[in-house]
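K.L.:
Structure file work_35.txt, compact mmCIF, C-alpha atoms, is pasted below:
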# COMPACT_ATOMS: atom_id res chain seq x y z
CA MET A 1 53.31 103.68 124.98
CA ASN A 2 52.25 105.91 122.08
CA ILE A 3 54.66 107.35 119.62
CA ASP A 4 53.31 109.38 116.73
CA SER A 5 53.47 107.88 113.27
CA ILE A 6 55.96 109.30 110.82
CA THR A 7 55.16 111.56 107.86
CA ASN A 8 58.49 111.46 106.04
CA GLY A 9 61.50 109.62 107.40
CA TYR A 10 62.72 106.26 108.63
CA VAL A 11 61.81 103.44 110.96
CA ILE A 12 64.96 101.51 111.77
CA ASP A 13 63.57 98.19 112.94
CA HIS A 14 64.90 94.86 114.25
CA ILE A 15 67.83 96.44 116.09
CA THR A 16 69.27 93.90 118.52
CA ALA A 17 67.99 94.90 121.97
CA GLY A 18 70.53 97.17 123.65
CA ARG A 19 72.22 98.42 120.49
CA GLY A 20 69.80 101.27 119.80
CA MET A 21 71.79 103.91 121.67
CA LYS A 22 75.05 102.88 119.99
CA LEU A 23 73.41 103.24 116.60
CA TYR A 24 71.92 106.59 117.64
CA ASP A 25 75.42 107.83 118.47
CA LEU A 26 77.08 106.44 115.37
CA LEU A 27 74.44 107.92 113.08
CA GLY A 28 75.07 111.32 114.68
CA LEU A 29 71.36 111.68 115.52
CA ASP A 30 72.25 113.78 118.53
CA ASN A 31 72.96 116.64 116.11
CA GLN A 32 69.54 116.53 114.44
CA ASP A 33 66.67 118.81 115.48
CA CYS A 34 63.85 116.66 114.05
CA SER A 35 61.67 114.31 116.14
CA ILE A 36 63.50 111.10 116.91
CA ALA A 37 62.32 108.25 119.12
CA ILE A 38 64.44 105.43 120.48
CA ILE A 39 62.24 102.62 121.68
CA LYS A 40 64.06 100.01 123.73
CA ASN A 41 63.20 96.42 124.53
CA VAL A 42 60.11 96.21 122.35
CA LEU A 43 58.59 92.72 122.40
CA SER A 44 59.23 90.91 119.14
CA LYS A 45 57.99 87.50 117.97
CA LYS A 46 61.12 87.00 115.89
CA MET A 47 63.75 88.41 118.26
CA GLY A 48 62.20 88.25 121.72
CA LYS A 49 63.19 91.86 122.35
CA LYS A 50 64.38 94.52 119.95
CA ASP A 51 65.12 98.24 119.73
CA ILE A 52 63.54 100.61 117.19
CA ILE A 53 64.56 104.10 116.11
CA LYS A 54 62.03 106.38 114.43
CA ILE A 55 63.24 109.48 112.62
CA ASP A 56 60.57 111.93 111.49
CA ALA A 57 62.57 113.71 108.78
CA ASP A 58 64.02 112.83 105.41
CA ILE A 59 67.63 113.31 106.54
CA ALA A 60 70.66 111.57 105.00
CA ILE A 61 71.59 108.53 107.08
CA ASP A 62 74.64 106.34 106.66
CA ILE A 63 73.29 102.90 105.80
CA ASP A 64 76.85 101.45 106.07
CA VAL A 65 76.95 102.35 109.76
CA ILE A 66 73.69 100.51 110.30
CA GLY A 67 74.99 97.41 108.55
CA TYR A 68 78.13 97.41 110.67
CA VAL A 69 76.31 97.80 114.00
CA ASP A 70 73.71 95.17 113.26
CA PRO A 71 73.39 93.56 109.82
CA GLY A 72 69.96 92.09 110.70
CA ILE A 73 68.35 95.55 110.83
CA THR A 74 65.53 96.59 108.48
CA VAL A 75 65.26 100.20 107.36
CA ASN A 76 61.71 101.25 106.47
CA ILE A 77 61.52 104.41 104.38
CA ILE A 78 58.33 106.43 104.90
CA LYS A 79 57.02 109.06 102.50
CA ASN A 80 53.69 110.87 103.00
CA CYS A 81 52.85 108.51 105.86
CA GLU A 82 53.27 105.45 103.63
CA LEU A 83 55.90 102.76 103.61
CA VAL A 84 57.64 103.15 100.24
CA GLU A 85 60.65 100.87 100.75
CA LYS A 86 61.72 98.15 103.16
CA ARG A 87 65.46 97.75 102.94
CA ALA A 88 67.26 94.74 104.41
CA ILE A 89 70.75 95.67 105.47
CA GLU A 90 73.93 93.68 104.82
CA LEU A 91 77.45 94.10 106.10
CA PRO A 92 78.93 96.98 104.10
CA GLN A 93 82.05 96.35 101.99
CA MET A 94 83.76 99.50 103.28
CA LEU A 95 83.42 101.62 106.41
CA THR A 96 84.74 105.16 106.43
CA ASN A 97 85.28 106.93 109.76
CA VAL A 98 83.05 104.50 111.65
CA ILE A 99 85.84 102.57 113.37
CA LYS A 100 89.21 104.03 114.34
CA CYS A 101 92.40 102.10 113.66
CA LYS A 102 94.15 101.53 116.97
CA ASN A 103 97.45 100.27 115.56
CA PRO A 104 100.10 102.79 116.69
CA ARG A 105 102.26 101.80 113.71
CA CYS A 106 99.52 102.67 111.20
CA ILE A 107 99.90 105.83 109.10
CA THR A 108 96.47 106.97 110.38
CA SER A 109 98.02 107.31 113.85
CA THR A 110 100.24 110.19 112.73
CA GLU A 111 98.40 111.77 109.80
CA GLN A 112 95.31 113.14 111.46
CA GLU A 113 93.48 114.23 108.29
CA LEU A 114 93.33 110.70 106.87
CA ASN A 115 90.01 108.91 106.82
CA HIS A 116 89.93 105.68 108.84
CA VAL A 117 88.77 103.19 106.22
CA PHE A 118 88.04 99.53 106.97
CA LYS A 119 87.29 96.82 104.42
CA LEU A 120 85.18 93.68 104.93
CA THR A 121 87.68 90.83 104.48
CA ASP A 122 85.70 87.90 105.90
CA LYS A 123 81.96 88.16 105.36
CA ASP A 124 81.14 84.95 107.26
CA ASN A 125 82.80 86.17 110.44
CA GLY A 126 82.20 89.90 109.91
CA VAL A 127 85.92 90.71 109.94
CA TYR A 128 86.97 94.23 108.96
CA ARG A 129 90.58 95.25 108.40
CA CYS A 130 92.16 98.69 108.10
CA ILE A 131 92.99 99.32 104.42
CA TYR A 132 96.35 100.85 105.41
CA CYS A 133 97.84 98.39 107.91
CA GLU A 134 95.38 95.44 107.72
CA THR A 135 94.82 95.48 111.48
CA GLN A 136 91.58 93.74 112.36
CA ALA A 137 88.83 95.92 113.84
CA LYS A 138 87.94 94.87 117.35
CA MET B 1 97.25 104.82 88.05
CA ARG B 2 98.75 101.39 88.63
CA SER B 3 100.99 101.01 91.68
CA LEU B 4 102.46 98.12 93.65
CA ILE B 5 101.58 98.32 97.32
CA ASP B 6 100.89 94.67 98.17
CA ILE B 7 102.13 91.59 96.31
CA LEU B 8 98.48 90.60 95.79
CA ASP B 9 97.94 93.77 93.72
CA PHE B 10 99.43 91.73 90.87
CA THR B 11 97.86 88.57 89.51
CA VAL B 12 99.91 85.38 89.19
CA GLU B 13 100.06 86.03 85.43
CA GLU B 14 101.45 89.52 86.02
CA VAL B 15 104.04 88.19 88.48
CA ASN B 16 105.04 85.54 85.93
CA GLU B 17 105.29 88.25 83.27
CA LEU B 18 107.63 90.27 85.53
CA ILE B 19 109.78 87.18 86.12
CA ALA B 20 109.93 86.58 82.36
CA THR B 21 110.98 90.20 81.75
CA ALA B 22 113.63 89.98 84.48
CA ASN B 23 115.01 86.80 82.92
CA ASP B 24 115.14 88.53 79.54
CA ILE B 25 116.95 91.51 81.09
CA ILE B 26 119.54 89.13 82.56
CA ASP B 27 120.04 87.49 79.15
CA ASN B 28 119.90 90.66 77.04
CA PRO B 29 120.92 93.68 79.15
CA ASP B 30 121.74 95.84 76.11
CA LYS B 31 118.17 95.60 74.89
CA TYR B 32 117.01 97.45 78.01
CA CYS B 33 119.79 99.96 78.61
CA GLU B 34 117.88 102.93 77.19
CA ARG B 35 114.32 101.90 77.86
CA CYS B 36 113.86 104.54 80.59
CA LYS B 37 115.84 107.33 78.95
CA ARG B 38 114.65 110.76 80.20
CA LYS B 39 112.58 109.10 82.94
CA LYS B 40 113.15 109.82 86.62
CA LEU B 41 112.70 107.55 89.62
CA ALA B 42 112.18 109.28 92.98
CA THR B 43 113.42 107.18 95.89
CA LEU B 44 111.62 108.49 98.97
CA PHE B 45 113.22 106.66 101.87
CA PHE B 46 111.91 107.89 105.21
CA GLU B 47 114.07 105.31 106.97
CA PRO B 48 117.46 103.77 106.22
CA SER B 49 118.03 100.95 103.75
CA THR B 50 121.05 99.56 101.94
CA ARG B 51 119.84 96.95 99.48
CA THR B 52 116.38 98.19 98.62
CA ARG B 53 117.26 101.81 97.89
CA LEU B 54 120.49 101.07 96.06
CA SER B 55 118.94 98.27 94.02
CA PHE B 56 116.10 100.57 92.94
CA GLU B 57 118.64 103.23 91.99
CA ALA B 58 120.90 100.76 90.18
CA ALA B 59 117.85 99.33 88.39
CA MET B 60 116.77 102.75 87.09
CA ILE B 61 120.31 103.67 86.04
CA GLU B 62 120.69 100.38 84.14
CA LEU B 63 117.46 101.18 82.32
CA GLY B 64 118.98 104.49 81.18
CA GLY B 65 116.91 106.63 83.56
CA SER B 66 117.87 109.00 86.36
CA VAL B 67 117.27 109.02 90.09
CA ILE B 68 116.30 111.75 92.55
CA GLY B 69 115.26 111.42 96.18
CA PHE B 70 116.28 111.31 99.81
CA SER B 71 117.49 108.56 102.10
CA ALA B 72 116.24 109.70 105.50
CA ALA B 73 113.15 111.53 106.75
CA ASN B 74 115.26 114.30 108.26
CA ASN B 75 116.51 115.17 104.76
CA SER B 76 112.97 115.90 103.58
CA SER B 77 110.07 118.21 104.42
CA ALA B 78 108.63 115.37 106.52
CA ALA B 79 110.92 116.78 109.22
CA LYS B 80 108.84 119.99 108.99
CA GLY B 81 105.62 118.02 109.32
CA GLU B 82 104.65 117.65 105.64
CA SER B 83 102.08 114.92 105.10
CA VAL B 84 102.69 111.84 102.96
CA ALA B 85 99.83 112.98 100.70
CA ASP B 86 101.43 116.38 100.06
CA THR B 87 104.85 114.80 99.52
CA ALA B 88 103.36 112.44 96.92
CA LYS B 89 101.60 115.30 95.11
CA THR B 90 104.81 117.31 95.09
CA ILE B 91 107.05 114.52 93.84
CA SER B 92 104.52 113.77 91.07
CA CYS B 93 105.56 117.15 89.59
CA TYR B 94 109.22 116.13 89.39
CA ALA B 95 109.44 112.39 88.73
CA ASP B 96 107.82 109.65 86.64
CA ILE B 97 107.70 106.93 89.30
CA ILE B 98 108.15 106.71 93.09
CA ALA B 99 109.74 104.03 95.26
CA MET B 100 108.82 104.72 98.89
CA ARG B 101 109.97 103.27 102.19
CA HIS B 102 108.27 104.56 105.32
CA PRO B 103 108.21 103.40 108.95
CA LYS B 104 104.42 103.74 109.16
CA GLU B 105 102.25 100.93 107.84
CA GLY B 106 100.10 102.05 104.90
CA ALA B 107 102.12 105.19 104.05
CA PRO B 108 102.84 104.02 100.45
CA LEU B 109 99.10 103.42 99.95
CA VAL B 110 98.41 107.00 101.04
CA ALA B 111 101.10 108.12 98.56
CA ALA B 112 99.50 106.06 95.77
CA GLN B 113 96.08 107.56 96.52
CA ASN B 114 97.50 111.06 96.07
CA ALA B 115 100.24 110.75 93.45
CA THR B 116 99.63 111.09 89.72
CA ILE B 117 102.51 108.70 88.98
CA PRO B 118 103.00 105.02 89.94
CA VAL B 119 104.12 104.29 93.50
CA ILE B 120 106.12 101.23 94.52
CA ASN B 121 106.03 100.18 98.16
CA ALA B 122 109.66 99.65 99.13
CA GLY B 123 108.70 98.58 102.66
CA ASP B 124 106.18 100.06 105.11
CA GLY B 125 107.24 99.23 108.65
CA GLY B 126 106.61 95.60 109.51
CA HIS B 127 103.73 95.39 107.05
CA ASN B 128 104.51 94.84 103.35
CA HIS B 129 107.64 94.62 101.24
CA PRO B 130 106.39 93.38 97.87
CA THR B 131 109.62 93.91 95.92
CA GLN B 132 111.43 91.60 98.38
CA THR B 133 108.77 89.00 97.62
CA LEU B 134 109.25 89.51 93.88
CA THR B 135 113.00 89.13 94.46
CA ASP B 136 112.42 85.88 96.33
CA LEU B 137 110.14 84.58 93.58
CA LEU B 138 112.68 85.38 90.85
CA THR B 139 115.39 83.66 92.90
CA ILE B 140 113.29 80.51 93.29
CA ASN B 141 112.36 80.60 89.61
CA ARG B 142 115.98 80.91 88.47
CA GLU B 143 117.42 78.43 90.92
CA LYS B 144 114.65 75.83 90.61
CA GLY B 145 113.28 76.52 87.14
CA GLY B 146 109.76 77.20 88.40
CA PHE B 147 107.49 76.83 91.41
CA GLU B 148 105.99 73.40 90.90
CA ASN B 149 106.53 70.60 93.42
CA LEU B 150 108.83 72.40 95.80
CA THR B 151 109.21 71.88 99.52
CA VAL B 152 109.99 75.27 101.03
CA GLY B 153 111.27 75.52 104.59
CA PHE B 154 110.93 78.79 106.48
CA CYS B 155 113.24 78.97 109.48
CA GLY B 156 113.60 81.41 112.38
CA ASP B 157 111.23 84.20 113.32
CA LEU B 158 108.04 83.28 111.50
CA LYS B 159 105.86 85.37 113.79
CA PHE B 160 107.12 88.85 112.98
CA GLY B 161 108.99 88.23 109.70
CA ARG B 162 107.06 90.18 107.05
CA THR B 163 109.13 88.66 104.23
CA VAL B 164 108.03 85.19 105.34
CA HIS B 165 104.35 86.15 105.45
CA SER B 166 104.47 87.76 102.00
CA LEU B 167 106.40 84.92 100.38
CA ILE B 168 104.04 82.29 101.82
CA THR B 169 101.11 84.33 100.48
CA ALA B 170 102.71 84.64 97.04
CA LEU B 171 103.72 80.95 96.84
CA SER B 172 100.26 79.81 97.91
CA ARG B 173 99.00 80.91 94.49
CA TYR B 174 101.12 78.22 92.80
CA SER B 175 100.34 74.52 92.79
CA GLY B 176 102.47 71.76 94.24
CA ILE B 177 104.06 73.81 97.01
CA ASN B 178 104.76 72.15 100.38
CA VAL B 179 105.62 74.34 103.33
CA VAL B 180 107.71 73.42 106.37
CA LEU B 181 107.62 75.92 109.23
CA ILE B 182 110.69 75.72 111.47
CA SER B 183 110.69 77.99 114.51
CA PRO B 184 110.71 78.09 118.29
CA ASP B 185 107.21 77.90 119.79
CA GLU B 186 107.47 81.58 120.72
CA LEU B 187 107.92 82.62 117.10
CA LYS B 188 105.50 80.38 115.21
CA LEU B 189 103.69 81.58 112.10
CA PRO B 190 100.55 83.52 113.19
CA SER B 191 97.44 81.35 113.10
CA TYR B 192 95.56 83.76 110.81
CA ILE B 193 98.16 83.16 108.08
CA LYS B 194 97.84 79.40 108.51
CA LYS B 195 94.06 79.72 108.27
CA ASP B 196 93.62 82.47 105.66
CA VAL B 197 96.52 81.52 103.40
CA LEU B 198 97.76 77.95 103.82
CA LYS B 199 94.52 76.14 104.71
CA LYS B 200 92.39 78.30 102.42
CA ASN B 201 94.60 77.48 99.43
CA GLY B 202 95.02 73.82 100.35
CA ILE B 203 98.80 74.13 100.84
CA PRO B 204 100.17 71.18 102.85
CA TYR B 205 102.34 72.35 105.74
CA LYS B 206 103.97 71.06 108.87
CA GLN B 207 105.51 72.76 111.87
CA THR B 208 108.62 71.75 113.75
CA THR B 209 111.16 73.22 116.12
CA ASP B 210 114.00 71.07 114.77
CA LEU B 211 115.75 72.33 111.64
CA GLU B 212 118.07 69.35 111.18
CA SER B 213 115.28 66.76 111.25
CA VAL B 214 113.56 68.30 108.21
CA MET B 215 116.66 69.38 106.33
CA PRO B 216 116.71 66.35 103.93
CA GLU B 217 113.19 67.21 102.67
CA LEU B 218 113.85 70.78 101.68
CA ASP B 219 114.32 72.20 98.18
CA ILE B 220 114.43 75.76 99.52
CA LEU B 221 115.56 76.91 102.97
CA TYR B 222 114.46 80.48 103.71
CA MET B 223 116.36 81.69 106.77
CA THR B 224 115.38 84.60 108.98
CA ARG B 225 116.89 85.95 112.15
CA VAL B 226 115.74 85.03 115.65
CA GLN B 227 116.05 88.35 117.45
CA ARG B 228 116.80 88.63 121.13
CA GLU B 229 114.15 91.35 121.63
CA ARG B 230 111.38 89.00 120.51
CA PHE B 231 111.75 86.78 123.59
CA PHE B 232 110.09 87.41 126.92
CA ASN B 233 113.05 86.12 128.84
CA GLU B 234 116.76 85.89 128.23
CA GLU B 235 116.92 82.19 129.25
CA ASP B 236 114.64 81.10 126.40
CA TYR B 237 116.62 83.16 123.92
CA LEU B 238 119.95 81.71 125.01
CA ARG B 239 118.51 78.17 124.95
CA LEU B 240 117.14 78.52 121.43
CA LYS B 241 119.34 80.91 119.52
CA ASP B 242 121.92 78.36 118.33
CA SER B 243 119.26 75.95 117.03
CA TYR B 244 118.43 78.41 114.31
CA ILE B 245 121.94 79.33 113.23
CA LEU B 246 122.84 77.66 109.95
CA GLU B 247 126.29 76.13 109.97
CA PRO B 248 127.99 73.77 107.47
CA LYS B 249 127.51 70.73 109.75
CA LYS B 250 123.73 71.21 109.67
CA LEU B 251 123.79 70.93 105.88
CA VAL B 252 125.32 67.43 105.82
CA ASN B 253 121.98 65.75 105.14
CA ALA B 254 120.58 68.48 102.92
CA LYS B 255 119.81 67.95 99.25
CA LYS B 256 122.66 68.61 96.83
CA ASP B 257 120.55 71.20 95.04
CA LEU B 258 119.12 72.90 98.12
CA CYS B 259 118.72 76.66 97.65
CA ILE B 260 119.52 78.65 100.80
CA MET B 261 117.87 82.06 100.84
CA HIS B 262 117.83 85.01 103.24
CA PRO B 263 116.31 88.47 102.76
CA LEU B 264 119.38 90.03 104.45
CA PRO B 265 120.79 91.75 106.38
CA ARG B 266 122.00 88.79 108.38
CA VAL B 267 123.62 89.07 111.75
CA ASN B 268 124.71 85.61 112.80
CA GLU B 269 121.89 83.32 111.67
CA ILE B 270 123.91 82.01 108.75
CA SER B 271 127.53 81.30 109.54
CA VAL B 272 129.98 82.99 107.15
CA ALA B 273 131.40 79.50 106.47
CA VAL B 274 128.17 78.66 104.59
CA ASP B 275 128.84 81.48 102.09
CA ASP B 276 131.27 79.27 100.12
CA ASP B 277 128.73 76.46 99.81
CA PRO B 278 127.34 76.45 96.24
CA ARG B 279 123.86 76.08 97.76
CA ALA B 280 124.09 79.54 99.36
CA CYS B 281 121.95 81.77 97.15
CA TYR B 282 121.47 84.87 99.31
CA PHE B 283 123.93 87.09 97.49
CA LYS B 284 122.55 85.95 94.13
CA GLN B 285 119.17 86.88 95.60
CA VAL B 286 120.46 90.45 96.08
CA LEU B 287 121.47 90.61 92.41
CA TYR B 288 118.12 89.22 91.26
CA GLY B 289 116.47 91.96 93.33
CA LYS B 290 117.90 94.55 90.96
CA TYR B 291 116.64 92.73 87.85
CA ILE B 292 113.10 92.22 89.14
CA ARG B 293 112.95 95.90 90.12
CA MET B 294 114.03 96.80 86.57
CA ALA B 295 111.17 94.67 85.24
CA LEU B 296 108.74 96.28 87.69
CA ILE B 297 109.76 99.87 86.85
CA LEU B 298 109.37 99.06 83.14
CA LYS B 299 105.93 97.54 83.61
CA LEU B 300 104.55 100.37 85.74
CA LEU B 301 105.95 103.08 83.46
CA GLU B 302 104.53 101.34 80.40
CA GLU B 303 101.12 101.08 82.04
CA ALA B 304 101.27 104.75 83.10
CA GLU B 305 101.94 105.76 79.49
CA LYS B 306 98.88 103.88 78.31
Please lay out the structure from this file as structure tokens.
P.N.:
Amino acid sequence: MNIDSITNGYVIDHITAGRGMKLYDLLGLDNQDCSIAIIKNVLSKKMGKKDIIKIDADIAIDIDVIGYVDPGITVNIIKNCELVEKRAIELPQMLTNVIKCKNPRCITSTEQELNHVFKLTDKDNGVYRCIYCETQAK
Amino acid sequence: MRSLIDILDFTVEEVNELIATANDIIDNPDKYCERCKRKKLATLFFEPSTRTRLSFEAAMIELGGSVIGFSAANNSSAAKGESVADTAKTISCYADIIAMRHPKEGAPLVAAQNATIPVINAGDGGHNHPTQTLTDLLTINREKGGFENLTVGFCGDLKFGRTVHSLITALSRYSGINVVLISPDELKLPSYIKKDVLKKNGIPYKQTTDLESVMPELDILYMTRVQRERFFNEEDYLRLKDSYILEPKKLVNAKKDLCIMHPLPRVNEISVAVDDDPRACYFKQVLYGKYIRMALILKLLEEAEK
């Protein structure tokens, strides 16, 4: 399968196989009009299988979302057809409007304009809690 | 702007400083009677309260300040749909400090993010109630002279009791605390608190369903109410409810200097006959609540002026 190389943009690599579409949705890539490729189940020596997303445009992407979906991901930044940066992603400290708080007693359940903000409270287990009510993200 | 939303917003040193100020206020009330002259406290109570609201108001008045506010959501623009953020911005134009109680968890944090004056969380649903925890800490400090080497028993509803969770969290920052958890199996302390607070801080604890068997060990007995609505079936409630009612006969083997605490209001979990026992500290606890709130208002106003 041939997919053109990228001039300026990103190659989001080492996505756990099957999570590519979720990441595509969370990054809001549906709303972009540039060339985007989702490649599923690519053979990988390290992972067995992996997904890859290629974005052929220098758009703003939310690195925090990537870290939350799959902290093992690598983001390759391409400029003028050359790899200029290879960024390993970690779990982000804060997530804004990525997860919704589902606690009906939380203030975010009644005040619609509030951002849903989650904080990393247990890095080892990847636990995020709502900053308002401390409910754990599921 | 410094606010108090969660007890962990303050370091142990800051909590100790508040306790020291409260003790000084108790010893030298005249020294503090004009410290908040021309300052206004806004008590924004979106749900009813007796002790918390009145103790905040009494605290500000004893500091020489004034009080404005409302005591129910239907007396405010919240009834018209005003957001917590807008309310906080508005009140910042009128007052110097806010004490807020709200049924929704996190509402005081939203207020603090939007106000230009300090905000004190006076209870947000079943979530946090840091000034109750400060009250409990001052009570223990005054009745026991400190926090070292104390065995603290928590009895009743340990699953849903926010005051229990907060006090355990606050005490876990001191050394030499032993915790005894006394509750029916249905209302045990949540496992995440055992893991994240007790085990993480190396606090020794044990769990039991039998209050009388552990009574002789306790320096502090913190009572809470076992509520009928917490049980899945009526039979279990009826079987267990009397085990967690404190009566004089259950205190026979207790230490002579036991300190019996309760965040109040009580319904029937402490028999009225216990009130005359010199070990009953729950009404003193109410009084200490006013003094620690005085210390807190002073601290936050001083920091705001800086």
K.L.:
I'd like the neighbourhood of Ala280 in chain B as a list in words, where a residue qualifies if any of its atoms comes within 6 Å (using all atoms listed in the file), though same-chain residues fewer than 3 positions away should be ignored.
P.N.:
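Contacts, with the query itself left out: Ile260, Asp275 and Asp277 of chain B.
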K.L.:
Could you please determine the separation between CA of Leu158 in chain B and CA of Tyr205 in chain B in Å, to one decimal place?
P.N.:
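One can read the CA of Leu158 in chain B to CA of Tyr205 in chain B distance as 13.6 Å.
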K.L.:
What does the distance from CA of Phe45 in chain B to CA of Tyr32 in chain B come to in Å, to one decimal?
P.N.:
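Pair CA of Phe45 in chain B / CA of Tyr32 in chain B returns 25.9 Å.
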K.L.:
Which residues come within 7 Å of range 38-54 of chain A, counting only C-alpha atoms, excluding same-chain residues fewer than 2 positions away, as a short mmCIF file (atom, residue, chain, number, x, y, z; two decimals) with C-alpha atoms, keeping the file's coordinate frame?
P.N.:
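The resulting file, part15.cif, is reproduced below:
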data_model
loop_
_atom_site.label_atom_id
_atom_site.label_comp_id
_atom_site.auth_asym_id
_atom_site.auth_seq_id
_atom_site.Cartn_x
_atom_site.Cartn_y
_atom_site.Cartn_z
CA TYR A 10 62.72 106.26 108.63
CA VAL A 11 61.81 103.44 110.96
CA ILE A 12 64.96 101.51 111.77
CA ASP A 13 63.57 98.19 112.94
CA HIS A 14 64.90 94.86 114.25
CA ILE A 15 67.83 96.44 116.09
CA THR A 16 69.27 93.90 118.52
CA ALA A 17 67.99 94.90 121.97
CA GLY A 18 70.53 97.17 123.65
CA GLY A 20 69.80 101.27 119.80
CA ILE A 36 63.50 111.10 116.91
CA ASP A 56 60.57 111.93 111.49
#
K.L.:
Restrict the distance test to all atoms listed in the file, flag each residue of chain B within 12 Å of chain A, and return the flagged residues as a ChimeraX atom specification.
P.N.:
/B:5-6,78,81-86,102-114,124-128,192,195-196
K.L.:
What is the CA of Glu302 in chain B to CA of Ser172 in chain B distance in Å?
P.N.:
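Atom-to-atom, CA of Glu302 in chain B and CA of Ser172 in chain B are spaced 28.1 Å apart.
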K.L.:
May I have the residues within 12 Å of Gln32 in chain A as a list of chain:residue names, using only C-alpha atoms and disregarding those fewer than 5 positions away in the same chain?
P.N.:
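Neighbouring residues, sequence-local ones excluded: A:Tyr24, A:Asp25, A:Leu27, A:Ala37, A:Ile55, A:Asp56, A:Ala57, A:Asp58, A:Ile59, A:Ala60, A:Ile61.
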K.L.:
Output C-alpha atoms of each residue in that selection to a file, as a PDB file, keeping the file's coordinate frame.
P.N.:
ATOM      1  CA  TYR A  24      71.920 106.590 117.640  1.00  0.00           C
ATOM      2  CA  ASP A  25      75.420 107.830 118.470  1.00  0.00           C
ATOM      3  CA  LEU A  27      74.440 107.920 113.080  1.00  0.00           C
ATOM      4  CA  ALA A  37      62.320 108.250 119.120  1.00  0.00           C
ATOM      5  CA  ILE A  55      63.240 109.480 112.620  1.00  0.00           C
ATOM      6  CA  ASP A  56      60.570 111.930 111.490  1.00  0.00           C
ATOM      7  CA  ALA A  57      62.570 113.710 108.780  1.00  0.00           C
ATOM      8  CA  ASP A  58      64.020 112.830 105.410  1.00  0.00           C
ATOM      9  CA  ILE A  59      67.630 113.310 106.540  1.00  0.00           C
ATOM     10  CA  ALA A  60      70.660 111.570 105.000  1.00  0.00           C
ATOM     11  CA  ILE A  61      71.590 108.530 107.080  1.00  0.00           C
TER      12      ILE A  61
END
K.L.:
Write out as a PyMOL selection string which residues come within 9 Å of Thr131 in chain B when counting all atoms listed in the file, dropping same-chain ones fewer than 4 positions away.
P.N.:
chain B and resi 4+7+52+120-123+135-136+289+292-293+296
K.L.:
Can you work out which one of B:Lys194, B:His262, B:Arg53, B:Arg162 has the shortest atom-to-atom distance to Ala99 in chain B, counting only C-alpha atoms?
P.N.:
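Of B:Lys194, B:His262, B:Arg53, B:Arg162, the one nearest Ala99 in chain B, counting only C-alpha atoms, is B:Arg53.
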K.L.:
Every residue with an atom at most 12 Å from (103.6, 80.9, 113.6) (file coordinates; only C-alpha atoms) is what I'm after, so could you write them as number ranges by chain?
P.N.:
B: 154-162, 164-165, 168, 180-195, 198, 205-209
K.L.:
Could the residues in this selection be written to a file with C-alpha atoms, as a compact mmCIF listing (two decimals), keeping the file's coordinate frame?
P.N.:
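So out_18.txt came out as:
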# COMPACT_ATOMS: atom_id res chain seq x y z
CA PHE B 154 110.93 78.79 106.48
CA CYS B 155 113.24 78.97 109.48
CA GLY B 156 113.60 81.41 112.38
CA ASP B 157 111.23 84.20 113.32
CA LEU B 158 108.04 83.28 111.50
CA LYS B 159 105.86 85.37 113.79
CA PHE B 160 107.12 88.85 112.98
CA GLY B 161 108.99 88.23 109.70
CA ARG B 162 107.06 90.18 107.05
CA VAL B 164 108.03 85.19 105.34
CA HIS B 165 104.35 86.15 105.45
CA ILE B 168 104.04 82.29 101.82
CA VAL B 180 107.71 73.42 106.37
CA LEU B 181 107.62 75.92 109.23
CA ILE B 182 110.69 75.72 111.47
CA SER B 183 110.69 77.99 114.51
CA PRO B 184 110.71 78.09 118.29
CA ASP B 185 107.21 77.90 119.79
CA GLU B 186 107.47 81.58 120.72
CA LEU B 187 107.92 82.62 117.10
CA LYS B 188 105.50 80.38 115.21
CA LEU B 189 103.69 81.58 112.10
CA PRO B 190 100.55 83.52 113.19
CA SER B 191 97.44 81.35 113.10
CA TYR B 192 95.56 83.76 110.81
CA ILE B 193 98.16 83.16 108.08
CA LYS B 194 97.84 79.40 108.51
CA LYS B 195 94.06 79.72 108.27
CA LEU B 198 97.76 77.95 103.82
CA TYR B 205 102.34 72.35 105.74
CA LYS B 206 103.97 71.06 108.87
CA GLN B 207 105.51 72.76 111.87
CA THR B 208 108.62 71.75 113.75
CA THR B 209 111.16 73.22 116.12
K.L.:
Choose the residue, out of B:Ala170, B:Ser55, B:Thr116, B:Val286, that has the smallest atom-to-atom separation from Asn16 in chain B; count all atoms listed in the file.
P.N.:
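Residue with the minimum atom-to-atom distance to Asn16 in chain B: B:Ala170.
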K.L.:
With a distance cut-off of 8 Å and only C-alpha atoms, select the neighbouring residues of range 86-97 of chain A, excluding the residue or stretch itself and same-chain residues fewer than 2 positions from it, and output the selection as a list of chain:residue names.
P.N.:
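My reading of the contact set: A:Ile63, A:Asp64, A:Val65, A:Ile66, A:Gly67, A:Tyr68, A:Pro71, A:Gly72, A:Ile73, A:Thr74, A:Val75, A:Asn76, A:Ile77, A:Leu83, A:Val84, A:Ile99, A:Lys100, A:Asn115, A:His116, A:Val117, A:Phe118, A:Lys119, A:Leu120, A:Lys123, A:Gly126.
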K.L.:
Give the answer as one residue: which of B:Leu251, B:Leu134, B:Ile297, B:Val15 has the shortest atom-to-atom distance to Pro278 in chain B, using all atoms listed in the file?
P.N.:
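The closest residue to Pro278 in chain B is B:Leu251.
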